[in-house]
Amino acid sequence: MIIDFRSDTVTRPTPAMLEAMMKAPVGDDVFGEDPTVNELEQMAATLFGKEAALFCPSGTMTNQIAIKCHTQPGDEVICDADAHVYQYEGGGIAANSGASVKLLPGDRGRINALQVEEAIQPDDVHRPRTSLVCVENTSNRGGGSCYDFEELKRIKQVCGNNGLPFHIDGARLFNALVAKNETPRQYGELFDSISICLSKSLGCPVGSLLLGDTAFIKKARRVRKLFGGGMRQTGYLAAAGIYALQHNMERLSEDHAHAKMIGEALQTQDYVETVMPVETNIVIFETKGISAKELVAKLKEHSILAYAIAPTKVRLVLHLDITRAMVEQVIHTVQQV
Ligand SMILES: *Cc1c(COP(=O)(O)O)cnc(C)c1O
C-alpha cells in the first residue's frame with residue numbers, strides 16, 4: 001500500500017462526504033440559484049464574521065481574484081519572498097493584475113510590521129503605488145509555521161495607517177486556528193479579504209472560499225467570471241465543503257501530533273541536517289550527504305511518497321487519509337533507509 005505524504009491535497013472524499021454530495025440540492029450558480037453553494041457561502045461568512053463569501057475552484061483563484069480586486073495595473077503588492085501568491089501561482093500577480101511585488105525576507109514565511117512599514121512606497125511619481133499587503137497562515141514554504149496573532153494586529157495597524165487593504169492566504173488557516181487556539185472571527189475582524197482552501201487538510205476534492213464585505217464579494221464575483229471560474233451545478237462540490245466544515249476541523253490536531261512524531265524521528269537520522277520546527281501538519285527537513293531527490297526515491301522503494309521541494313529539502317504533509325498505523329510505518333522506515 002502506498003502512503004502519500006506529498007501534499008494534503010491528495011485526500012479522497014470519504015463515503016460520508018460522498019453521500020452528502022450525492023444528496024445536495026443544486027441549481028445554476030452563475031444565476032445565483034444553487035442553494036447548496038449559497039448555504040456554504042453563508043456558513044463560511046458567518047463563521048468568520050464577514051458579510052459575504054464566494055465559492056471558487058481553487059485557492060490560486062481566490063488569491064488571484066483578491067489581488068485583482070485590491071490593485072490597479074502598475075501597483076505593488078507586499079508579501080513574503082516565499083509566499084504562494086508569488087512562488088506558486090504562475091506569475092499571476094503580473095499576468096492577471098499587471099501588478100508587481102515587493103518581496104520581504106520573512107522568518108519561515110512570516111513577515112513583520114516593521115518590514116511592512118519600511119516596504120511601503122512613498123508618494124512619489126517615480127515609484128509604484130503600494131496597494132496591498134498579503135500574508136500567508138500557515139506558511140507553506142515556512143514548513144507550516146503560524147503567525148503570532150499580535151504581529152498580525154501590528155501589521156493591520158500599519159495597513160490602517162497607510163490606507164492599505166490586508167489579505168490573508170489562509171489555504172491552511174484552519175491548521176493555524178487549531179494549533180494556536182484562535183477563532184475564525186479574530187481573522188474576520190482583522191482582514192479585508194480571506195482565502196481558505198477546502199481541498200487541503202479539510203479533505204474536499206475541490207474548492208476554496210474567498211471572504212470579504214458585500215461590495216468586495218460583488219466585485220470578486222465579476223472577476224471570478226472573468227477568470228472562467230463561474231460554475232453551474234456546483235452544489236455537489238459545495239456540499240463536500242459544508243460536510244468538511246462540520247466534521248473535519250477538530251481532527252486537525254491529530255495531523256499535527258503525527259507531524260511532530262515524524263519530525264522527531266527524522267531529527268536523529270544521520271542523513272538529516274535539520275528539521276524545521278514542526279508547528280502544524282507539515283514536516284520539512286534538510287538532507288545531508290544525499291540529495292532530496294535521491295532520498296525521495298529511496299522512500300518510494302518503501303511505498304512512501306514525499307516531495308523534494310529544493311535540492312536538499314524534503315517535505316511531508318499530514319492529512320485526513322494518514323492513519324496512526326501509517327505514521328508508525330513511516331517512522332520505522334526513516335530509521336532504515
Ligand atoms: C495550496 C495553496 C494555495 C492554493 O492552491 P490551489 O491548488 O490553487 O487550491 C494557496 N496558498 C497556499 C499557501 C497553498 O498551500
# chains A, B, ... in the order shown; residues from 1 in each chain; ligands from 1
call {"tool": "closest_atom_pairs", "arguments": {"of": "region 109-191 of chain A", "to": "region 74-84 of chain A", "cutoff": "12 Å", "atoms": "only C-alpha atoms", "output": "JSON lines"}}
result
{"residue": "A:Gly109", "atom": "CA", "partner": "A:Asp82", "partner_atom": "CA", "distance": 5.8}
{"residue": "A:Arg110", "atom": "CA", "partner": "A:Asp80", "partner_atom": "CA", "distance": 6.7}
{"residue": "A:Ile111", "atom": "CA", "partner": "A:Asp80", "partner_atom": "CA", "distance": 6.0}
{"residue": "A:Asn112", "atom": "CA", "partner": "A:Asp80", "partner_atom": "CA", "distance": 9.6}
{"residue": "A:Ala113", "atom": "CA", "partner": "A:Ile78", "partner_atom": "CA", "distance": 11.4}
{"residue": "A:Gln115", "atom": "CA", "partner": "A:Ile78", "partner_atom": "CA", "distance": 9.7}
{"residue": "A:Val116", "atom": "CA", "partner": "A:Ile78", "partner_atom": "CA", "distance": 7.2}
{"residue": "A:Glu117", "atom": "CA", "partner": "A:Ile78", "partner_atom": "CA", "distance": 10.1}
{"residue": "A:Glu118", "atom": "CA", "partner": "A:Ile78", "partner_atom": "CA", "distance": 10.6}
{"residue": "A:Ala119", "atom": "CA", "partner": "A:Ile78", "partner_atom": "CA", "distance": 7.3}
{"residue": "A:Ile120", "atom": "CA", "partner": "A:Ile78", "partner_atom": "CA", "distance": 7.9}
{"residue": "A:Gln121", "atom": "CA", "partner": "A:Glu76", "partner_atom": "CA", "distance": 8.6}
{"residue": "A:Pro122", "atom": "CA", "partner": "A:Glu76", "partner_atom": "CA", "distance": 11.9}
{"residue": "A:Val125", "atom": "CA", "partner": "A:Gly74", "partner_atom": "CA", "distance": 11.8}
{"residue": "A:His126", "atom": "CA", "partner": "A:Gly74", "partner_atom": "CA", "distance": 11.5}
{"residue": "A:Arg127", "atom": "CA", "partner": "A:Asp75", "partner_atom": "CA", "distance": 9.1}
{"residue": "A:Pro128", "atom": "CA", "partner": "A:Asp75", "partner_atom": "CA", "distance": 5.4}
{"residue": "A:Arg129", "atom": "CA", "partner": "A:Asp75", "partner_atom": "CA", "distance": 4.8}
{"residue": "A:Thr130", "atom": "CA", "partner": "A:Glu76", "partner_atom": "CA", "distance": 4.7}
{"residue": "A:Ser131", "atom": "CA", "partner": "A:Glu76", "partner_atom": "CA", "distance": 6.0}
{"residue": "A:Leu132", "atom": "CA", "partner": "A:Val77", "partner_atom": "CA", "distance": 5.0}
{"residue": "A:Val133", "atom": "CA", "partner": "A:Ile78", "partner_atom": "CA", "distance": 4.8}
{"residue": "A:Cys134", "atom": "CA", "partner": "A:Cys79", "partner_atom": "CA", "distance": 5.2}
{"residue": "A:Val135", "atom": "CA", "partner": "A:Cys79", "partner_atom": "CA", "distance": 6.2}
{"residue": "A:Glu136", "atom": "CA", "partner": "A:Ala83", "partner_atom": "CA", "distance": 6.7}
{"residue": "A:Asn137", "atom": "CA", "partner": "A:Ala83", "partner_atom": "CA", "distance": 9.9}
{"residue": "A:Thr138", "atom": "CA", "partner": "A:Ala83", "partner_atom": "CA", "distance": 10.6}
{"residue": "A:Ser139", "atom": "CA", "partner": "A:Ala83", "partner_atom": "CA", "distance": 7.5}
{"residue": "A:Asn140", "atom": "CA", "partner": "A:His84", "partner_atom": "CA", "distance": 7.4}
{"residue": "A:Arg141", "atom": "CA", "partner": "A:Asp82", "partner_atom": "CA", "distance": 6.1}
{"residue": "A:Gly142", "atom": "CA", "partner": "A:Asp82", "partner_atom": "CA", "distance": 7.7}
{"residue": "A:Gly143", "atom": "CA", "partner": "A:Asp82", "partner_atom": "CA", "distance": 10.9}
{"residue": "A:Ile155", "atom": "CA", "partner": "A:Ile78", "partner_atom": "CA", "distance": 11.4}
{"residue": "A:Cys159", "atom": "CA", "partner": "A:Ile78", "partner_atom": "CA", "distance": 10.8}
{"residue": "A:Leu164", "atom": "CA", "partner": "A:Val77", "partner_atom": "CA", "distance": 10.1}
{"residue": "A:Pro165", "atom": "CA", "partner": "A:Val77", "partner_atom": "CA", "distance": 10.3}
{"residue": "A:Phe166", "atom": "CA", "partner": "A:Ile78", "partner_atom": "CA", "distance": 9.9}
{"residue": "A:His167", "atom": "CA", "partner": "A:Cys79", "partner_atom": "CA", "distance": 9.9}
{"residue": "A:Ile168", "atom": "CA", "partner": "A:Cys79", "partner_atom": "CA", "distance": 10.2}
{"residue": "A:Asp169", "atom": "CA", "partner": "A:His84", "partner_atom": "CA", "distance": 8.1}
{"residue": "A:Gly170", "atom": "CA", "partner": "A:His84", "partner_atom": "CA", "distance": 10.5}
{"residue": "A:Ala171", "atom": "CA", "partner": "A:His84", "partner_atom": "CA", "distance": 9.5}
{"residue": "A:Arg172", "atom": "CA", "partner": "A:His84", "partner_atom": "CA", "distance": 11.7}
call {"tool": "write_last_selection", "arguments": {"atoms": "C-alpha atoms", "output": "compact mmCIF listing (two decimals), in the first residue's frame"}}
result
# COMPACT_ATOMS: atom_id res chain seq x y z
CA GLY A 109 7.37 32.70 5.62
CA ARG A 110 6.21 35.27 8.17
CA ILE A 111 6.77 38.99 7.66
CA ASN A 112 6.55 41.58 10.42
CA ALA A 113 5.02 45.01 10.87
CA GLN A 115 9.29 45.25 7.47
CA VAL A 116 5.90 46.12 6.02
CA GLU A 117 6.14 49.72 7.19
CA GLU A 118 9.58 50.11 5.60
CA ALA A 119 8.41 48.49 2.34
CA ILE A 120 5.53 50.89 1.70
CA GLN A 121 6.44 53.16 -1.20
CA PRO A 122 6.47 56.91 -0.66
CA VAL A 125 5.83 59.70 -9.23
CA HIS A 126 8.92 57.54 -9.75
CA ARG A 127 7.60 54.75 -7.58
CA PRO A 128 4.96 52.09 -7.97
CA ARG A 129 1.95 52.62 -5.74
CA THR A 130 1.79 50.17 -2.82
CA SER A 131 -1.79 48.91 -2.76
CA LEU A 132 -1.95 45.60 -0.88
CA VAL A 133 -0.33 43.67 1.96
CA CYS A 134 -0.64 39.90 1.76
CA VAL A 135 0.28 37.32 4.43
CA GLU A 136 0.07 33.53 4.45
CA ASN A 137 -1.00 31.49 7.51
CA THR A 138 0.10 28.78 7.88
CA SER A 139 3.12 29.34 5.65
CA ASN A 140 3.62 26.51 3.17
CA ARG A 141 7.32 27.06 2.42
CA GLY A 142 7.77 28.05 6.06
CA GLY A 143 7.03 24.43 6.97
CA ILE A 155 0.69 44.67 10.54
CA CYS A 159 -2.10 48.87 6.86
CA LEU A 164 -3.87 49.59 2.59
CA PRO A 165 -6.13 46.54 2.35
CA PHE A 166 -4.91 43.40 4.15
CA HIS A 167 -5.34 39.97 2.51
CA ILE A 168 -4.64 36.57 4.01
CA ASP A 169 -3.86 33.44 2.03
CA GLY A 170 -5.36 31.02 4.50
CA ALA A 171 -5.05 27.85 2.42
CA ARG A 172 -4.26 26.15 5.74
call {"tool": "select_by_dssp", "arguments": {"residues": "region 129-197 of chain A", "states": "strand (DSSP E)", "output": "ChimeraX atom specification"}}
result
/A:130-136,166-170,193-197
call {"tool": "residues_around", "arguments": {"residues": "Val317 (chain A)", "least_positions_apart": "3", "cutoff": "8 Å", "atoms": "only C-alpha atoms", "output": "VMD selection string"}}
result
chain A and resid 5 to 8 259 281 to 283
call {"tool": "write_last_selection", "arguments": {"atoms": "C-alpha atoms", "output": "short mmCIF file (atom, residue, chain, number, x, y, z; two decimals), in the first residue's frame"}}
result
data_model
loop_
_atom_site.label_atom_id
_atom_site.label_comp_id
_atom_site.auth_asym_id
_atom_site.auth_seq_id
_atom_site.Cartn_x
_atom_site.Cartn_y
_atom_site.Cartn_z
CA PHE A 5 2.76 12.42 2.12
CA ARG A 6 3.32 14.63 -0.94
CA SER A 7 0.53 17.03 -0.04
CA ASP A 8 -2.71 17.36 1.90
CA ALA A 259 3.74 15.55 12.08
CA ASN A 281 0.77 19.37 9.58
CA ILE A 282 3.93 19.97 7.51
CA VAL A 283 7.39 18.49 8.06
#
call {"tool": "atom_distance", "arguments": {"atom1": "CA of Met276 (chain A)", "atom2": "CA of Gly263 (chain A)"}}
result
8.3 Å
call {"tool": "closest_residue", "arguments": {"among": "A:Thr234, A:Leu226, A:Val314, A:Lys219", "to": "Ala297 (chain A)", "atoms": "only C-alpha atoms"}}
result
A:Val314
call {"tool": "residues_around", "arguments": {"residues": "Phe174 (chain A)", "least_positions_apart": "4", "cutoff": "9 Å", "atoms": "only C-alpha atoms", "output": "PDB file with N, CA, C and O atoms, in the first residue's frame"}}
result
ATOM      1  N   ASN A 137      -0.951  32.183   6.215  1.00  0.00           N
ATOM      2  CA  ASN A 137      -1.002  31.492   7.507  1.00  0.00           C
ATOM      3  C   ASN A 137      -1.875  30.243   7.378  1.00  0.00           C
ATOM      4  O   ASN A 137      -3.042  30.373   7.048  1.00  0.00           O
ATOM      5  N   THR A 138      -1.276  29.053   7.613  1.00  0.00           N
ATOM      6  CA  THR A 138       0.104  28.777   7.884  1.00  0.00           C
ATOM      7  C   THR A 138       0.942  29.017   6.621  1.00  0.00           C
ATOM      8  O   THR A 138       0.388  29.033   5.527  1.00  0.00           O
ATOM      9  N   GLY A 170      -5.141  31.987   3.428  1.00  0.00           N
ATOM     10  CA  GLY A 170      -5.356  31.019   4.505  1.00  0.00           C
ATOM     11  C   GLY A 170      -5.655  29.638   3.963  1.00  0.00           C
ATOM     12  O   GLY A 170      -6.578  28.977   4.434  1.00  0.00           O
ATOM     13  N   VAL A 178      -6.379  25.799  14.858  1.00  0.00           N
ATOM     14  CA  VAL A 178      -6.343  24.669  15.788  1.00  0.00           C
ATOM     15  C   VAL A 178      -5.040  24.692  16.596  1.00  0.00           C
ATOM     16  O   VAL A 178      -5.043  24.530  17.817  1.00  0.00           O
ATOM     17  N   ALA A 179      -3.916  24.927  15.907  1.00  0.00           N
ATOM     18  CA  ALA A 179      -2.615  24.896  16.589  1.00  0.00           C
ATOM     19  C   ALA A 179      -2.479  26.018  17.617  1.00  0.00           C
ATOM     20  O   ALA A 179      -1.881  25.835  18.674  1.00  0.00           O
ATOM     21  N   PRO A 184     -11.987  31.798  14.002  1.00  0.00           N
ATOM     22  CA  PRO A 184     -12.162  32.410  12.678  1.00  0.00           C
ATOM     23  C   PRO A 184     -12.547  33.895  12.796  1.00  0.00           C
ATOM     24  O   PRO A 184     -12.107  34.715  12.002  1.00  0.00           O
ATOM     25  N   ILE A 196      -9.610  30.738   1.972  1.00  0.00           N
ATOM     26  CA  ILE A 196      -9.412  29.460   2.663  1.00  0.00           C
ATOM     27  C   ILE A 196      -9.618  28.310   1.679  1.00  0.00           C
ATOM     28  O   ILE A 196     -10.440  28.396   0.776  1.00  0.00           O
ATOM     29  N   SER A 201      -6.284  20.233   4.041  1.00  0.00           N
ATOM     30  CA  SER A 201      -6.445  19.322   5.178  1.00  0.00           C
ATOM     31  C   SER A 201      -7.898  19.078   5.567  1.00  0.00           C
ATOM     32  O   SER A 201      -8.180  18.181   6.344  1.00  0.00           O
ATOM     33  N   LEU A 202      -8.819  19.852   5.024  1.00  0.00           N
ATOM     34  CA  LEU A 202     -10.234  19.598   5.326  1.00  0.00           C
ATOM     35  C   LEU A 202     -10.813  18.454   4.486  1.00  0.00           C
ATOM     36  O   LEU A 202     -11.935  18.013   4.708  1.00  0.00           O
ATOM     37  N   MET A 249     -12.676  19.651  10.960  1.00  0.00           N
ATOM     38  CA  MET A 249     -11.837  20.707  11.505  1.00  0.00           C
ATOM     39  C   MET A 249     -11.127  20.260  12.788  1.00  0.00           C
ATOM     40  O   MET A 249      -9.926  20.435  12.925  1.00  0.00           O
ATOM     41  N   LEU A 252      -7.849  18.061  13.021  1.00  0.00           N
ATOM     42  CA  LEU A 252      -6.556  18.541  12.515  1.00  0.00           C
ATOM     43  C   LEU A 252      -5.440  18.399  13.547  1.00  0.00           C
ATOM     44  O   LEU A 252      -4.279  18.230  13.184  1.00  0.00           O
TER      45      LEU A 252
END
call {"tool": "residues_around", "arguments": {"residues": "Glu301 (chain A)", "least_positions_apart": "2", "cutoff": "12 Å", "atoms": "only C-alpha atoms", "output": "list of chain:residue names"}}
result
A:Met1, A:Ile2, A:Ile3, A:Glu294, A:Leu295, A:Val296, A:Ala297, A:Lys298, A:Leu299, A:Ser303, A:Ile304, A:Leu305, A:Ala306, A:Thr333, A:Val334, A:Gln336, A:Val337
call {"tool": "residues_around", "arguments": {"residues": "Lys260 (chain A)", "least_positions_apart": "2", "cutoff": "12 Å", "atoms": "only C-alpha atoms", "output": "list in words"}}
result
Gly143, Gly144, Ser253, Glu254, Asp255, His256, Ala257, His258, Ile262, Gly263, Glu264, Ala265, Leu266, Gln267, Val275, Met276, Pro277, Val278, Glu279, Thr280, Asn281, Ile282, Val283, Ile284, Leu316, Val317, Leu318, Val327 and Ile331 of chain A
call {"tool": "atom_distance", "arguments": {"atom1": "CA of Thr312 (chain A)", "atom2": "CA of Leu104 (chain A)"}}
result
22.9 Å
call {"tool": "select_by_dssp", "arguments": {"residues": "region 15-256 of chain A", "states": "alpha helix (DSSP H)", "output": "PyMOL selection string"}}
result
chain A and resi 15-22+35-48+59-70+84-87+92-97+113-119+149-161+173-180+184-190+214-226+235-247+252-256
call {"tool": "residues_around", "arguments": {"residues": "Gln246 (chain A)", "least_positions_apart": "3", "cutoff": "12 Å", "atoms": "only C-alpha atoms", "output": "list of chain:residue names"}}
result
A:Ala16, A:Met17, A:Ala20, A:Leu40, A:Met43, A:Ala44, A:Leu47, A:Leu198, A:Leu202, A:Gly203, A:Ala239, A:Ala240, A:Gly241, A:Ile242, A:Tyr243, A:Met249, A:Glu250, A:Arg251
call {"tool": "closest_residue", "arguments": {"among": "A:Gln87, A:Glu273, A:Phe55, A:Ala310", "to": "Asp34 (chain A)", "atoms": "only C-alpha atoms"}}
result
A:Phe55
call {"tool": "atom_distance", "arguments": {"atom1": "atom 5 (O, counted along the ligand's line) of ligand 1", "atom2": "CA of Thr60 (chain A)"}}
result
4.8 Å
call {"tool": "closest_atom_pairs", "arguments": {"of": "region 146-263 of chain A", "to": "region 26-31 of chain A", "cutoff": "10 Å", "atoms": "only C-alpha atoms", "output": "tab-separated table"}}
result
residue	atom	partner	partner_atom	distance
A:Arg221	CA	A:Val30	CA	9.2
A:Lys225	CA	A:Val30	CA	8.4
A:Gly229	CA	A:Val30	CA	9.5
A:Gly230	CA	A:Val30	CA	5.8
A:Met231	CA	A:Asp29	CA	6.1
A:Arg232	CA	A:Asp28	CA	4.5
A:Gln233	CA	A:Asp28	CA	5.1
A:Thr234	CA	A:Asp29	CA	6.8
A:Gly235	CA	A:Val26	CA	5.1
A:Tyr236	CA	A:Val26	CA	7.0
A:Leu237	CA	A:Val26	CA	10.0
A:Ala238	CA	A:Val26	CA	9.5
A:Ala239	CA	A:Val26	CA	9.6
call {"tool": "closest_residue", "arguments": {"among": "A:Arg324, A:Lys200, A:Lys180, A:Lys156", "to": "ligand 1", "atoms": "only C-alpha atoms and all ligand atoms"}}
result
A:Lys200
call {"tool": "closest_residue", "arguments": {"among": "A:Ser193, A:Thr274, A:Ser58, A:Thr36", "to": "Thr214 (chain A)", "atoms": "only C-alpha atoms"}}
result
A:Ser193
call {"tool": "closest_residue", "arguments": {"among": "A:Val37, A:Ala176, A:Ala325, A:Val272", "to": "ligand 1", "atoms": "only C-alpha atoms and all ligand atoms"}}
result
A:Ala176
call {"tool": "closest_residue", "arguments": {"among": "A:Ala215, A:Ile309, A:Ile290, A:Cys56", "to": "ligand 1", "atoms": "only C-alpha atoms and all ligand atoms"}}
result
A:Cys56
call {"tool": "decode", "arguments": {"residues": "region 156-269 of chain A", "atoms": "C-alpha atoms", "output": "PDB file, in the first residue's frame"}}
result
ATOM      1  CA  LYS A 156      -3.007  45.559  10.387  1.00  0.00           C
ATOM      2  CA  GLN A 157      -2.208  48.767  12.252  1.00  0.00           C
ATOM      3  CA  VAL A 158       0.408  49.659   9.622  1.00  0.00           C
ATOM      4  CA  CYS A 159      -2.099  48.866   6.857  1.00  0.00           C
ATOM      5  CA  GLY A 160      -4.703  51.051   8.541  1.00  0.00           C
ATOM      6  CA  ASN A 161      -2.288  53.959   8.942  1.00  0.00           C
ATOM      7  CA  ASN A 162      -1.496  53.784   5.234  1.00  0.00           C
ATOM      8  CA  GLY A 163      -4.941  53.029   3.837  1.00  0.00           C
ATOM      9  CA  LEU A 164      -3.867  49.588   2.591  1.00  0.00           C
ATOM     10  CA  PRO A 165      -6.126  46.537   2.347  1.00  0.00           C
ATOM     11  CA  PHE A 166      -4.914  43.402   4.150  1.00  0.00           C
ATOM     12  CA  HIS A 167      -5.341  39.970   2.512  1.00  0.00           C
ATOM     13  CA  ILE A 168      -4.644  36.572   4.010  1.00  0.00           C
ATOM     14  CA  ASP A 169      -3.858  33.443   2.030  1.00  0.00           C
ATOM     15  CA  GLY A 170      -5.356  31.019   4.505  1.00  0.00           C
ATOM     16  CA  ALA A 171      -5.047  27.854   2.422  1.00  0.00           C
ATOM     17  CA  ARG A 172      -4.263  26.151   5.740  1.00  0.00           C
ATOM     18  CA  LEU A 173      -5.742  28.742   8.099  1.00  0.00           C
ATOM     19  CA  PHE A 174      -7.729  26.081   9.957  1.00  0.00           C
ATOM     20  CA  ASN A 175      -4.467  24.348  10.849  1.00  0.00           C
ATOM     21  CA  ALA A 176      -3.263  27.616  12.391  1.00  0.00           C
ATOM     22  CA  LEU A 177      -6.554  28.139  14.254  1.00  0.00           C
ATOM     23  CA  VAL A 178      -6.343  24.669  15.788  1.00  0.00           C
ATOM     24  CA  ALA A 179      -2.615  24.896  16.589  1.00  0.00           C
ATOM     25  CA  LYS A 180      -2.845  28.355  18.182  1.00  0.00           C
ATOM     26  CA  ASN A 181      -6.315  28.006  19.683  1.00  0.00           C
ATOM     27  CA  GLU A 182      -7.611  31.003  17.704  1.00  0.00           C
ATOM     28  CA  THR A 183     -11.050  31.678  16.250  1.00  0.00           C
ATOM     29  CA  PRO A 184     -12.162  32.410  12.678  1.00  0.00           C
ATOM     30  CA  ARG A 185     -13.788  35.628  13.965  1.00  0.00           C
ATOM     31  CA  GLN A 186     -10.440  37.029  15.087  1.00  0.00           C
ATOM     32  CA  TYR A 187      -9.303  36.747  11.478  1.00  0.00           C
ATOM     33  CA  GLY A 188     -12.572  38.076  10.121  1.00  0.00           C
ATOM     34  CA  GLU A 189     -12.110  41.226  12.176  1.00  0.00           C
ATOM     35  CA  LEU A 190      -8.544  41.801  11.025  1.00  0.00           C
ATOM     36  CA  PHE A 191      -8.587  41.079   7.301  1.00  0.00           C
ATOM     37  CA  ASP A 192     -10.299  42.768   4.378  1.00  0.00           C
ATOM     38  CA  SER A 193     -10.181  39.533   2.402  1.00  0.00           C
ATOM     39  CA  ILE A 194      -9.584  35.935   3.434  1.00  0.00           C
ATOM     40  CA  SER A 195      -8.880  32.941   1.220  1.00  0.00           C
ATOM     41  CA  ILE A 196      -9.412  29.460   2.663  1.00  0.00           C
ATOM     42  CA  CYS A 197      -8.975  26.070   0.999  1.00  0.00           C
ATOM     43  CA  LEU A 198     -11.418  23.223   1.499  1.00  0.00           C
ATOM     44  CA  SER A 199      -9.330  20.895  -0.686  1.00  0.00           C
ATOM     45  CA  LYS A 200      -6.346  20.632   1.638  1.00  0.00           C
ATOM     46  CA  SER A 201      -6.445  19.322   5.178  1.00  0.00           C
ATOM     47  CA  LEU A 202     -10.234  19.598   5.326  1.00  0.00           C
ATOM     48  CA  GLY A 203     -10.421  16.759   2.816  1.00  0.00           C
ATOM     49  CA  CYS A 204     -12.631  18.093  -0.010  1.00  0.00           C
ATOM     50  CA  PRO A 205     -11.980  17.050  -3.615  1.00  0.00           C
ATOM     51  CA  VAL A 206     -12.215  20.653  -4.868  1.00  0.00           C
ATOM     52  CA  GLY A 207     -12.888  24.138  -3.616  1.00  0.00           C
ATOM     53  CA  SER A 208     -11.797  27.334  -1.927  1.00  0.00           C
ATOM     54  CA  LEU A 209     -13.651  30.278  -0.461  1.00  0.00           C
ATOM     55  CA  LEU A 210     -12.975  33.986  -0.627  1.00  0.00           C
ATOM     56  CA  LEU A 211     -14.459  36.097   2.174  1.00  0.00           C
ATOM     57  CA  GLY A 212     -14.994  39.822   2.470  1.00  0.00           C
ATOM     58  CA  ASP A 213     -17.607  42.535   2.719  1.00  0.00           C
ATOM     59  CA  THR A 214     -20.607  42.652   0.381  1.00  0.00           C
ATOM     60  CA  ALA A 215     -19.121  45.191  -2.032  1.00  0.00           C
ATOM     61  CA  PHE A 216     -15.828  43.295  -2.247  1.00  0.00           C
ATOM     62  CA  ILE A 217     -17.509  39.947  -2.938  1.00  0.00           C
ATOM     63  CA  LYS A 218     -19.753  41.550  -5.579  1.00  0.00           C
ATOM     64  CA  LYS A 219     -16.631  42.743  -7.375  1.00  0.00           C
ATOM     65  CA  ALA A 220     -14.942  39.367  -6.794  1.00  0.00           C
ATOM     66  CA  ARG A 221     -17.905  37.550  -8.364  1.00  0.00           C
ATOM     67  CA  ARG A 222     -17.402  39.587 -11.531  1.00  0.00           C
ATOM     68  CA  VAL A 223     -13.669  38.783 -11.577  1.00  0.00           C
ATOM     69  CA  ARG A 224     -14.390  35.082 -10.986  1.00  0.00           C
ATOM     70  CA  LYS A 225     -16.461  35.089 -14.186  1.00  0.00           C
ATOM     71  CA  LEU A 226     -13.680  36.951 -15.999  1.00  0.00           C
ATOM     72  CA  PHE A 227     -11.207  34.260 -14.911  1.00  0.00           C
ATOM     73  CA  GLY A 228     -13.526  31.496 -16.128  1.00  0.00           C
ATOM     74  CA  GLY A 229     -14.413  30.330 -12.638  1.00  0.00           C
ATOM     75  CA  GLY A 230     -18.196  30.673 -12.798  1.00  0.00           C
ATOM     76  CA  MET A 231     -19.528  27.162 -12.200  1.00  0.00           C
ATOM     77  CA  ARG A 232     -23.022  25.783 -12.702  1.00  0.00           C
ATOM     78  CA  GLN A 233     -24.488  22.923 -10.589  1.00  0.00           C
ATOM     79  CA  THR A 234     -21.541  23.126  -8.243  1.00  0.00           C
ATOM     80  CA  GLY A 235     -23.638  22.451  -5.158  1.00  0.00           C
ATOM     81  CA  TYR A 236     -22.328  18.872  -5.340  1.00  0.00           C
ATOM     82  CA  LEU A 237     -18.882  20.282  -4.544  1.00  0.00           C
ATOM     83  CA  ALA A 238     -20.167  22.863  -2.086  1.00  0.00           C
ATOM     84  CA  ALA A 239     -21.869  20.024  -0.162  1.00  0.00           C
ATOM     85  CA  ALA A 240     -18.422  18.490   0.391  1.00  0.00           C
ATOM     86  CA  GLY A 241     -17.332  21.854   1.789  1.00  0.00           C
ATOM     87  CA  ILE A 242     -20.264  22.031   4.205  1.00  0.00           C
ATOM     88  CA  TYR A 243     -19.544  18.488   5.328  1.00  0.00           C
ATOM     89  CA  ALA A 244     -15.847  19.311   5.800  1.00  0.00           C
ATOM     90  CA  LEU A 245     -16.502  22.442   7.868  1.00  0.00           C
ATOM     91  CA  GLN A 246     -18.826  20.423  10.099  1.00  0.00           C
ATOM     92  CA  HIS A 247     -16.712  17.296  10.504  1.00  0.00           C
ATOM     93  CA  ASN A 248     -13.062  17.691   9.575  1.00  0.00           C
ATOM     94  CA  MET A 249     -11.837  20.707  11.505  1.00  0.00           C
ATOM     95  CA  GLU A 250     -11.324  19.361  15.007  1.00  0.00           C
ATOM     96  CA  ARG A 251      -9.363  16.332  13.877  1.00  0.00           C
ATOM     97  CA  LEU A 252      -6.556  18.541  12.515  1.00  0.00           C
ATOM     98  CA  SER A 253      -4.776  18.293  15.873  1.00  0.00           C
ATOM     99  CA  GLU A 254      -4.229  14.584  15.062  1.00  0.00           C
ATOM    100  CA  ASP A 255      -2.335  15.561  11.930  1.00  0.00           C
ATOM    101  CA  HIS A 256      -0.272  17.999  13.971  1.00  0.00           C
ATOM    102  CA  ALA A 257       0.615  15.328  16.538  1.00  0.00           C
ATOM    103  CA  HIS A 258       1.554  12.919  13.739  1.00  0.00           C
ATOM    104  CA  ALA A 259       3.744  15.553  12.084  1.00  0.00           C
ATOM    105  CA  LYS A 260       5.588  16.134  15.363  1.00  0.00           C
ATOM    106  CA  MET A 261       6.208  12.393  15.770  1.00  0.00           C
ATOM    107  CA  ILE A 262       7.682  12.146  12.271  1.00  0.00           C
ATOM    108  CA  GLY A 263       9.763  15.289  12.790  1.00  0.00           C
ATOM    109  CA  GLU A 264      11.232  13.855  15.982  1.00  0.00           C
ATOM    110  CA  ALA A 265      12.089  10.567  14.279  1.00  0.00           C
ATOM    111  CA  LEU A 266      13.824  12.371  11.421  1.00  0.00           C
ATOM    112  CA  GLN A 267      15.822  14.607  13.757  1.00  0.00           C
ATOM    113  CA  THR A 268      18.009  11.712  14.902  1.00  0.00           C
ATOM    114  CA  GLN A 269      18.852  10.293  11.440  1.00  0.00           C
TER     115      GLN A 269
END
